[in-house]
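Notes to accompany the following structure.
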Amino acid sequence: RAWQLYLMLIPAVVYILVCAYKPMGGIVIAFKDFRANRGILGSAWVGLKHFVSFVTSPMFPRLFYNTFHLSFLNLAFGFLCPILFALLVNELKDNFFKKFLQTTSYMPYFISSVVVAGMVLSFLNADGILNQFLALFNVPPKAYNTLPKAFPIFYTVTCIWKSFGWGSILYLSTISSIDPGLYESAKIDGANRLQRCWYVTLPHLSNLIIIQLIFSIGGLLGSNTELILLLYVPATYSTADVIGTYVYRDGLMGGRFSYGTAVGIFTSVINFTLLYITNKISSKVADYGIW
């Protein structure tokens with residue numbers, strides 16, 4: 001009876017099968033010593049050799065720590081910013097200013113990461129805006145883009161600035177669907193703005209916050225590799241080199257495709273494990289999860 005709907009699904013299903021599931025057959029090269037001239041089937045089987053090589057590598061502790069550290073900073077600060085921003089925007093009474101603020105906050109999301117990285121690096125170099133500002137307080141200039149200790153800070157700030165506005169859309173749309181009568185009732189009962197936000201707005205956002213948190217923790221080892229590649233330099237490898245950049249540099253650029261695939265699978269397994277554990281805890285504590 002609904003054949004028209006199934007017909008409309010066909011392009012999406014074909015796209016997923018061809019572009020998502022078919023390439024998964026290539027995962028097998030993680031267990032082989034892949035050679036392009038021999039092909040996937042003709043390459044020698046080596047089992048877990050590449051996994052063991054990565055875990056026992058002297059680079060592993062630094063890569064794992066940097067990936068977890070940068071992702072945790074982004075989660076700790078970047079996760080709360082869209083929520084707080086949505087709550088603050090919701091309290092604005094001037095519709096023109098509210099729309100202006102929303103539009104300007106969304107714009108960084110649509111700026112290319114290449115452009116953003118270029119802006120950040122130009123701000124942080126020895127003659128950049130940051131050093132010009134600090135010079136007013138007699139602070140000697142430094143090339144902050146080459147300081148290992150500074151990288152986690154400006155990386156986290158850049159990620160938050162680029163994504164917090166776009167990330168607030170889901171929260172703002174959920175807030176807009178809340179029955180205004182609930183706010184009126186709370187106001188009649190003597191609740192101030194903060195209390196209305198705490199007892200009316202946040203409970204309606206709780207399920208969405210839980211889902212977003214589960215997905216964020218599930219991607220904890222999936223740091224923003226593209227942006228890091230654009231921002232880091234050899235001088236900051238000690239704090240900026242993550243699993244994703246290492247796979248790109250050593251696996252893809254170095255031609256070690258089997259090794260890079262093995263590292264990617266390792267990361268995916270860890271991420272899925274974190275996702276599963278977080279979802280289980282959420283289902284027991286908050287009685288809500290993604291499955």
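Chains: A, B, ... in order of the structure tokens. Residues: from 1 per chain. Ligands: from 1, in order shown.
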Which of stretch 165-253 of chain A DSSP labels alpha helix (DSSP H), written as number ranges by chain: A: 165-176, 180-188, 193-196, 202-218, 225-231, 237-240, 243-246
Using the chain letters and numbers from this document, which residues of stretch 25-274 of chain A does DSSP assign to strand (DSSP E or B), as an MDAnalysis selection string? chainID A and resid 32:33 44:45
Could those residues be written to a file, using all heavy atoms, as a CSV table (one decimal), in the first residue's frame?
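What follows is the written file selection.csv:
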chain,number,residue,atom,x,y,z
A,32,LYS,N,45.9,-7.9,6.9
A,32,LYS,CA,46.8,-8.3,5.9
A,32,LYS,C,48.0,-7.4,5.7
A,32,LYS,O,47.9,-6.2,6.1
A,32,LYS,CB,46.0,-8.5,4.6
A,32,LYS,CG,45.0,-9.6,4.6
A,32,LYS,CD,44.5,-9.8,3.2
A,32,LYS,CE,43.7,-11.1,3.1
A,32,LYS,NZ,43.4,-11.5,1.7
A,33,ASP,N,49.0,-7.9,5.0
A,33,ASP,CA,50.1,-7.0,4.6
A,33,ASP,C,49.8,-6.6,3.2
A,33,ASP,O,50.3,-7.1,2.2
A,33,ASP,CB,51.4,-7.8,4.7
A,33,ASP,CG,52.6,-6.9,4.4
A,33,ASP,OD1,52.5,-5.7,4.4
A,33,ASP,OD2,53.7,-7.4,4.2
A,44,ALA,N,49.2,-11.0,1.8
A,44,ALA,CA,49.5,-12.0,2.8
A,44,ALA,C,48.7,-11.7,4.1
A,44,ALA,O,48.6,-10.5,4.5
A,44,ALA,CB,51.0,-12.1,3.1
A,45,TRP,N,48.2,-12.7,4.7
A,45,TRP,CA,47.4,-12.6,6.0
A,45,TRP,C,48.4,-12.5,7.1
A,45,TRP,O,49.3,-13.3,7.3
A,45,TRP,CB,46.5,-13.8,6.2
A,45,TRP,CG,45.7,-13.7,7.4
A,45,TRP,CD1,46.0,-14.1,8.7
A,45,TRP,CD2,44.4,-13.1,7.5
A,45,TRP,NE1,45.0,-13.9,9.5
A,45,TRP,CE2,44.0,-13.2,8.9
A,45,TRP,CE3,43.5,-12.4,6.6
A,45,TRP,CZ2,42.7,-12.7,9.3
A,45,TRP,CZ3,42.3,-12.0,7.1
A,45,TRP,CH2,41.9,-12.1,8.4
Determine the nearest neighbour of A:Tyr144 from the options A:Val233, A:Val263, A:Ile270, A:Ile211, counting only C-alpha atoms.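 Ranked by minimum distance to A:Tyr144, first place goes to A:Val233.
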Nearby residues (only C-alpha atoms) at most 7 Å from stretch 101-109 of chain A, same-chain spacing under 2 positions excluded, as a ChimeraX atom specification: /A:97-99,111,162-163,165-166
Record the distance separating atom CA of A:Arg249 and atom CA of A:Ala76, expressed in Å with one decimal.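 Between atom CA of A:Arg249 and atom CA of A:Ala76 the gap is 28.0 Å.
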For A:Ala186, please output as a list in words all residues within 12 Å (counting only C-alpha atoms; exclusion window: fewer than 2 positions along the same chain).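 Contacts, in chain order: Asp179, Pro180, Gly181, Leu182, Tyr183, Glu184, Ile188, Asp189, Gly190, Ala191, Asn192, Arg193, Leu194, Gln195, Arg196, Cys197, Trp198, Tyr199, Val200 and Thr201 of chain A.
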Kindly save the residues from that selection, with C-alpha atoms included, as a compact mmCIF listing (two decimals), in the first residue's frame.
# COMPACT_ATOMS: atom_id res chain seq x y z
CA ASP A 179 4.09 25.22 26.02
CA PRO A 180 4.14 28.95 26.99
CA GLY A 181 1.45 28.17 29.54
CA LEU A 182 4.04 26.38 31.67
CA TYR A 183 6.10 29.57 31.92
CA GLU A 184 2.99 31.59 32.76
CA ILE A 188 2.15 33.17 38.63
CA ASP A 189 3.58 30.85 41.30
CA GLY A 190 6.36 33.37 41.90
CA ALA A 191 9.21 31.74 39.96
CA ASN A 192 11.86 34.15 38.70
CA ARG A 193 13.69 33.79 35.37
CA LEU A 194 16.36 31.50 36.76
CA GLN A 195 13.80 29.26 38.44
CA ARG A 196 11.67 29.08 35.27
CA CYS A 197 14.76 28.10 33.35
CA TRP A 198 15.72 25.44 35.91
CA TYR A 199 12.28 23.93 36.51
CA VAL A 200 10.64 24.36 33.09
CA THR A 201 13.21 24.73 30.31
From the set A:Asn224, A:Ser238, A:Gly264, A:Ile214, which residue has the shortest atom-to-atom contact distance to A:Ser282, counting only C-alpha atoms?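 Distance minimum relative to A:Ser282 lands on A:Ile214.
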Using only C-alpha atoms, which of A:Phe266, A:Tyr155, A:Tyr288, A:Tyr171 sits nearest A:Tyr232?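 Closest candidate: A:Tyr155.
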Distance query A:Tyr248 at most 12 Å, only C-alpha atoms, self and fewer than 2 positions along chain excluded, as a VMD selection string: chain A and resid 225 to 226 228 to 229 241 to 246 250 to 257 259 to 261 263 to 264
Write out, as a PDB file, in the first residue's frame, the residues just selected, with N, CA and C atoms.
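Output file again.pdb is given in full below:
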ATOM      1  N   THR A 225      40.359  15.920  13.409  1.00  0.00           N
ATOM      2  CA  THR A 225      41.647  15.714  12.744  1.00  0.00           C
ATOM      3  C   THR A 225      41.916  16.764  11.683  1.00  0.00           C
ATOM      4  N   GLU A 226      40.890  17.128  10.928  1.00  0.00           N
ATOM      5  CA  GLU A 226      41.071  18.094   9.843  1.00  0.00           C
ATOM      6  C   GLU A 226      41.595  19.424  10.373  1.00  0.00           C
ATOM      7  N   ILE A 228      43.090  19.988  13.292  1.00  0.00           N
ATOM      8  CA  ILE A 228      44.408  19.816  13.908  1.00  0.00           C
ATOM      9  C   ILE A 228      45.498  19.779  12.844  1.00  0.00           C
ATOM     10  N   LEU A 229      45.233  19.099  11.736  1.00  0.00           N
ATOM     11  CA  LEU A 229      46.203  19.040  10.643  1.00  0.00           C
ATOM     12  C   LEU A 229      46.547  20.439  10.126  1.00  0.00           C
ATOM     13  N   ASP A 241      49.723  16.125  18.300  1.00  0.00           N
ATOM     14  CA  ASP A 241      49.664  14.934  17.452  1.00  0.00           C
ATOM     15  C   ASP A 241      48.689  13.932  18.052  1.00  0.00           C
ATOM     16  N   VAL A 242      47.618  13.627  17.324  1.00  0.00           N
ATOM     17  CA  VAL A 242      46.582  12.700  17.783  1.00  0.00           C
ATOM     18  C   VAL A 242      46.551  11.483  16.869  1.00  0.00           C
ATOM     19  N   ILE A 243      45.679  10.537  17.205  1.00  0.00           N
ATOM     20  CA  ILE A 243      45.617   9.294  16.427  1.00  0.00           C
ATOM     21  C   ILE A 243      45.273   9.584  14.971  1.00  0.00           C
ATOM     22  N   GLY A 244      44.329  10.489  14.740  1.00  0.00           N
ATOM     23  CA  GLY A 244      43.904  10.805  13.383  1.00  0.00           C
ATOM     24  C   GLY A 244      45.017  11.403  12.543  1.00  0.00           C
ATOM     25  N   THR A 245      45.782  12.336  13.115  1.00  0.00           N
ATOM     26  CA  THR A 245      46.881  12.956  12.364  1.00  0.00           C
ATOM     27  C   THR A 245      48.006  11.954  12.130  1.00  0.00           C
ATOM     28  N   TYR A 246      48.209  11.072  13.100  1.00  0.00           N
ATOM     29  CA  TYR A 246      49.245  10.040  12.951  1.00  0.00           C
ATOM     30  C   TYR A 246      48.885   9.068  11.831  1.00  0.00           C
ATOM     31  N   ASP A 250      51.384   8.851   8.830  1.00  0.00           N
ATOM     32  CA  ASP A 250      52.165   7.622   8.743  1.00  0.00           C
ATOM     33  C   ASP A 250      51.470   6.562   7.891  1.00  0.00           C
ATOM     34  N   GLY A 251      50.131   6.522   7.964  1.00  0.00           N
ATOM     35  CA  GLY A 251      49.402   5.498   7.233  1.00  0.00           C
ATOM     36  C   GLY A 251      49.125   5.876   5.799  1.00  0.00           C
ATOM     37  N   LEU A 252      48.504   7.041   5.599  1.00  0.00           N
ATOM     38  CA  LEU A 252      48.120   7.452   4.241  1.00  0.00           C
ATOM     39  C   LEU A 252      49.305   8.010   3.470  1.00  0.00           C
ATOM     40  N   MET A 253      49.960   9.036   4.022  1.00  0.00           N
ATOM     41  CA  MET A 253      51.083   9.647   3.326  1.00  0.00           C
ATOM     42  C   MET A 253      52.295   8.715   3.268  1.00  0.00           C
ATOM     43  N   GLY A 254      52.437   7.866   4.272  1.00  0.00           N
ATOM     44  CA  GLY A 254      53.564   6.925   4.300  1.00  0.00           C
ATOM     45  C   GLY A 254      53.310   5.652   3.530  1.00  0.00           C
ATOM     46  N   GLY A 255      52.101   5.477   3.020  1.00  0.00           N
ATOM     47  CA  GLY A 255      51.792   4.290   2.224  1.00  0.00           C
ATOM     48  C   GLY A 255      51.554   3.030   3.032  1.00  0.00           C
ATOM     49  N   ARG A 256      51.420   3.136   4.352  1.00  0.00           N
ATOM     50  CA  ARG A 256      51.161   1.954   5.206  1.00  0.00           C
ATOM     51  C   ARG A 256      49.655   1.820   5.408  1.00  0.00           C
ATOM     52  N   PHE A 257      48.981   1.372   4.365  1.00  0.00           N
ATOM     53  CA  PHE A 257      47.516   1.357   4.372  1.00  0.00           C
ATOM     54  C   PHE A 257      46.960   0.337   5.356  1.00  0.00           C
ATOM     55  N   TYR A 259      48.378  -0.713   8.130  1.00  0.00           N
ATOM     56  CA  TYR A 259      48.623  -0.178   9.475  1.00  0.00           C
ATOM     57  C   TYR A 259      47.625   0.928   9.800  1.00  0.00           C
ATOM     58  N   GLY A 260      47.382   1.846   8.863  1.00  0.00           N
ATOM     59  CA  GLY A 260      46.423   2.930   9.074  1.00  0.00           C
ATOM     60  C   GLY A 260      45.013   2.415   9.284  1.00  0.00           C
ATOM     61  N   THR A 261      44.633   1.378   8.522  1.00  0.00           N
ATOM     62  CA  THR A 261      43.303   0.786   8.694  1.00  0.00           C
ATOM     63  C   THR A 261      43.167   0.137  10.058  1.00  0.00           C
ATOM     64  N   VAL A 263      44.711   0.977  12.809  1.00  0.00           N
ATOM     65  CA  VAL A 263      44.590   2.052  13.812  1.00  0.00           C
ATOM     66  C   VAL A 263      43.175   2.630  13.790  1.00  0.00           C
ATOM     67  N   GLY A 264      42.605   2.790  12.595  1.00  0.00           N
ATOM     68  CA  GLY A 264      41.234   3.284  12.487  1.00  0.00           C
ATOM     69  C   GLY A 264      40.230   2.352  13.123  1.00  0.00           C
TER      70      GLY A 264
END
Residue nearest A:Thr156 - candidates A:Ile281, A:Ala36, A:Val46, A:Cys81, atoms counted: only C-alpha atoms: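 Closest to A:Thr156, using only C-alpha atoms: A:Cys81.
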Extract, using only C-alpha atoms, all DNA, RNA and protein residues at most 7 Å from A:Leu275, discarding same-chain residues fewer than 4 positions from it, and format them as a list in words.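 In the requested format, the answer is Ile214, Phe215, Ile217, Gly218, Asn271 and Asn279 of chain A.
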Write a file of the selected residues as a CSV table (one decimal), in the first residue's frame, keeping N, CA and C atoms.
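Final output, saved to out22.csv:
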chain,number,residue,atom,x,y,z
A,214,ILE,N,25.7,11.3,25.0
A,214,ILE,CA,26.1,10.0,24.7
A,214,ILE,C,26.9,9.9,23.4
A,215,PHE,N,26.4,10.7,22.4
A,215,PHE,CA,27.2,10.7,21.1
A,215,PHE,C,28.5,11.4,21.2
A,217,ILE,N,30.5,11.5,24.0
A,217,ILE,CA,31.4,10.6,24.7
A,217,ILE,C,31.8,9.4,23.7
A,218,GLY,N,30.8,9.0,22.9
A,218,GLY,CA,31.1,7.9,22.0
A,218,GLY,C,32.1,8.3,20.9
A,271,ASN,N,35.7,3.8,20.6
A,271,ASN,CA,34.5,4.7,20.5
A,271,ASN,C,33.2,4.0,20.7
A,279,ASN,N,25.6,4.7,27.1
A,279,ASN,CA,24.2,4.5,26.9
A,279,ASN,C,23.6,3.6,28.0
Nearest residue to A:Lys149 from the set A:Pro82, A:Tyr276, A:Met8, A:Thr239 (distances using only C-alpha atoms):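 Looking at the shortest contact to A:Lys149, the residue is A:Thr239.
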In terms of only C-alpha atoms, the residue from A:Ala135, A:Leu121, A:Leu84, A:Ala262 at minimal distance from A:Leu202 is A:Leu84
Any idea what's packed within 9 Å of A:Pro152, counting only C-alpha atoms, ignoring anything in its chain fewer than 5 positions away? Could you give it as a list in words? His69, Leu70, Leu73, Val157, Thr239 and Ala240 of chain A
